[in-house]
Each structure stands twice: as C-alpha cells, then as structure tokens.
Amino acid sequence: MELRCIHCGFPIKTLFLQYSPGNIRLMKCENCKAVADEYIECESMIVLIDLILHKPKAYRHLLFNLLNPQTLNFQGLLWKSALGFLLLDAYRIMVLTRSEEEWGLSMSFSSLFWRFSKILMDVLFGNLAFLSIFLLATRNLLYTVGGASRYKNLLLAILISSYFKIFLIAMMVWELPSSVIFIIDVFVLSSNTVALKVVTGSGMSRCAETCFVAHAVKLFVGQLTVFHSSRFLQDSKILTCEMPIYSM
C-alpha cells in the first residue's frame, strides 16, 4: 500500500521532509492542499482515540502511512495479527460457553478435551467461513479486483481493525457480564466497515453489507459446529453408559 493523504486518500510520495534530527516539515497534499498526515506529530493516544471514534483519517494513517510495507515486515505483521486474532476469538468463545458447572475442578479429562475441541473447531471453521465469505463478498459487492497483494492488504485491514477484541483481556481481570462480548462484537463490525471503506474507497453501505454478511456467516457456522459437536458428545456418553460391563 502506498502513502496516502489522510483527508482525501490521494496518493503522496512522501509525508515529510527531515532537515535534521527532530526538525521536519510536513508535506501538503497536491489534491486537497491540506497537510497530508498531521498524525505524525501527534501522540499515539490521540490516534487511538480517533480510531475508537471511527474517524476515517485515523484509519488511513494507520493502514496506509503507519503500516506501510516499505517500512516494516508486512508478512510477519500479517501472521502475528492473525495469531492474535485467533487467540482472542478462542477466548471469546470460551467465555461464552463457560459456567461453573461446565468448567469446574471436577471435570474429567475427556470432558475437558471435548470442550477445547469444540472451541478449536468453532475458531477454525468459523474464521475460515468468515474469510471465504468476506473475500467473495468483497469481490462481488465492491467489485474489487486485484492480485494476491491486494487481498493481503484487505486481510490485514480487517485483522488490524478488529483491535476491539483486545478489550476481552479485561474479562480476565474483572467479572464482566457476557453481554459485554456482544458490545465488543458490534464495535468490531463497525470498525471493520470503516477500515474496508478506507482501503477500497467504496460506499459505506456496501462495506457495511459486506462485513455484516461475513460476520453473520461466521456466527452461523460457529453455532452449527458447536451444535454438531455437542450432539456427538451426548451420543458418545449414551453409548458409554449403555455399554455392558462383564465381570470375570
């Protein structure tokens, strides 16, 4: 991804000129005549606040100017983002399915194994369906055509814009109700929509439709996976109880 003006999204060659250490001059956009990226001189907290407020210019700064393939290891960042996304998603599913009876100290090894197997299947199949539907909807609804690098940029934008999932870590410290998870999901959906709009330059309604369809399919596949694994676990318990025991 090339450097962009955070106001109009116009490509720009350089964001600033450095005359000496600590002495720089911010460049202006040739299209809108505004300073291309004033976030360069801002604190990280200001950028974070604007990201939470869903300001498109903050997302352009993050996705185009800060996470630029020319200045960082793009492939490594993509893998690390995907790993963090999957781990937080697994913790989200664990919190939703957790209760004192299911996750007590009296659980057997087989029950614990099946619980984590369900979480693993939900994470893998759910996110595989999410990724497939997202790329398909992006191509059909947004008419986005490009090579492998284009799809990598879209994938990184979705992973990075899912940063609201990090607030799930707070549930490890405080006893928050499970309804907080659904609030986080709504913020993730809205953040994905803004990120997709910024990267593709498409309309907000089409981007919202694309993200909503992908998240809805992910939720449906996750519920379907949990249902089938639960049925299989119940059938296994029934067969175990009905199995006759012969004494010598």
# chains A, B, ... in the order shown; residues from 1 in each chain; ligands from 1
$ residues_around --residues "segment 204-212 of chain A" --least-positions-apart "6" --cutoff "8 Å" --atoms "only C-alpha atoms" --output "ChimeraX atom specification"
/A:134,137-138,141-142,189-190,192-194,196-197
$ write_last_selection --atoms "C-alpha atoms" --output "mmCIF file, in the first residue's frame"
data_model
loop_
_atom_site.group_PDB
_atom_site.id
_atom_site.type_symbol
_atom_site.label_atom_id
_atom_site.label_comp_id
_atom_site.auth_asym_id
_atom_site.auth_seq_id
_atom_site.Cartn_x
_atom_site.Cartn_y
_atom_site.Cartn_z
ATOM 1 C CA PHE A 134 -15.546 -11.803 3.146
ATOM 2 C CA ALA A 137 -18.432 -10.525 -0.952
ATOM 3 C CA THR A 138 -15.606 -8.037 -1.386
ATOM 4 C CA LEU A 141 -20.281 -6.421 -3.883
ATOM 5 C CA LEU A 142 -17.401 -3.961 -4.051
ATOM 6 C CA LEU A 189 -18.174 -4.943 12.991
ATOM 7 C CA SER A 190 -18.335 -1.149 12.737
ATOM 8 C CA ASN A 192 -14.186 -3.445 10.049
ATOM 9 C CA THR A 193 -16.683 -1.457 7.989
ATOM 10 C CA VAL A 194 -14.706 1.794 8.289
ATOM 11 C CA LEU A 196 -12.910 -1.640 4.447
ATOM 12 C CA LYS A 197 -14.275 1.700 3.251
#
$ residues_around --residues "Ile6 of chain A" --least-positions-apart "6" --cutoff "12 Å" --atoms "only C-alpha atoms" --output "PyMOL selection string"
chain A and resi 12+15+27-29+31-40+55-66+198-199
$ atom_distance --atom1 "atom CA of Asn73 of chain A" --atom2 "atom CA of Ala170 of chain A"
29.3 Å
$ closest_residue --among "A:Gly126, A:Gly9, A:Gly76, A:Gly84" --to "Ala216 of chain A" --atoms "only C-alpha atoms"
A:Gly126
$ closest_residue --among "A:Leu168, A:Leu26, A:Leu128, A:Leu77" --to "Leu219 of chain A" --atoms "only C-alpha atoms"
A:Leu128
$ select_by_dssp --residues "segment 4-239 of chain A" --states "strand (DSSP E)" --output "ChimeraX atom specification"
/A:16-20,23-26
$ atom_distance --atom1 "atom CA of Gln75 of chain A" --atom2 "atom CA of Ile133 of chain A"
22.5 Å
$ select_by_dssp --residues "segment 70-226 of chain A" --states "helix (DSSP H, G or I)" --output "VMD selection string"
chain A and resid 74 to 96 109 to 141 148 to 160 163 to 172 179 to 200 204 to 226
$ atom_distance --atom1 "atom CA of Met121 of chain A" --atom2 "atom CA of Ala90 of chain A"
9.8 Å
$ closest_residue --among "A:Ser132, A:Thr14, A:Ser178, A:Asn23" --to "His215 of chain A" --atoms "only C-alpha atoms"
A:Ser132
$ closest_residue --among "A:His54, A:Arg4, A:Arg115, A:Lys165" --to "Leu88 of chain A" --atoms "only C-alpha atoms"
A:Lys165
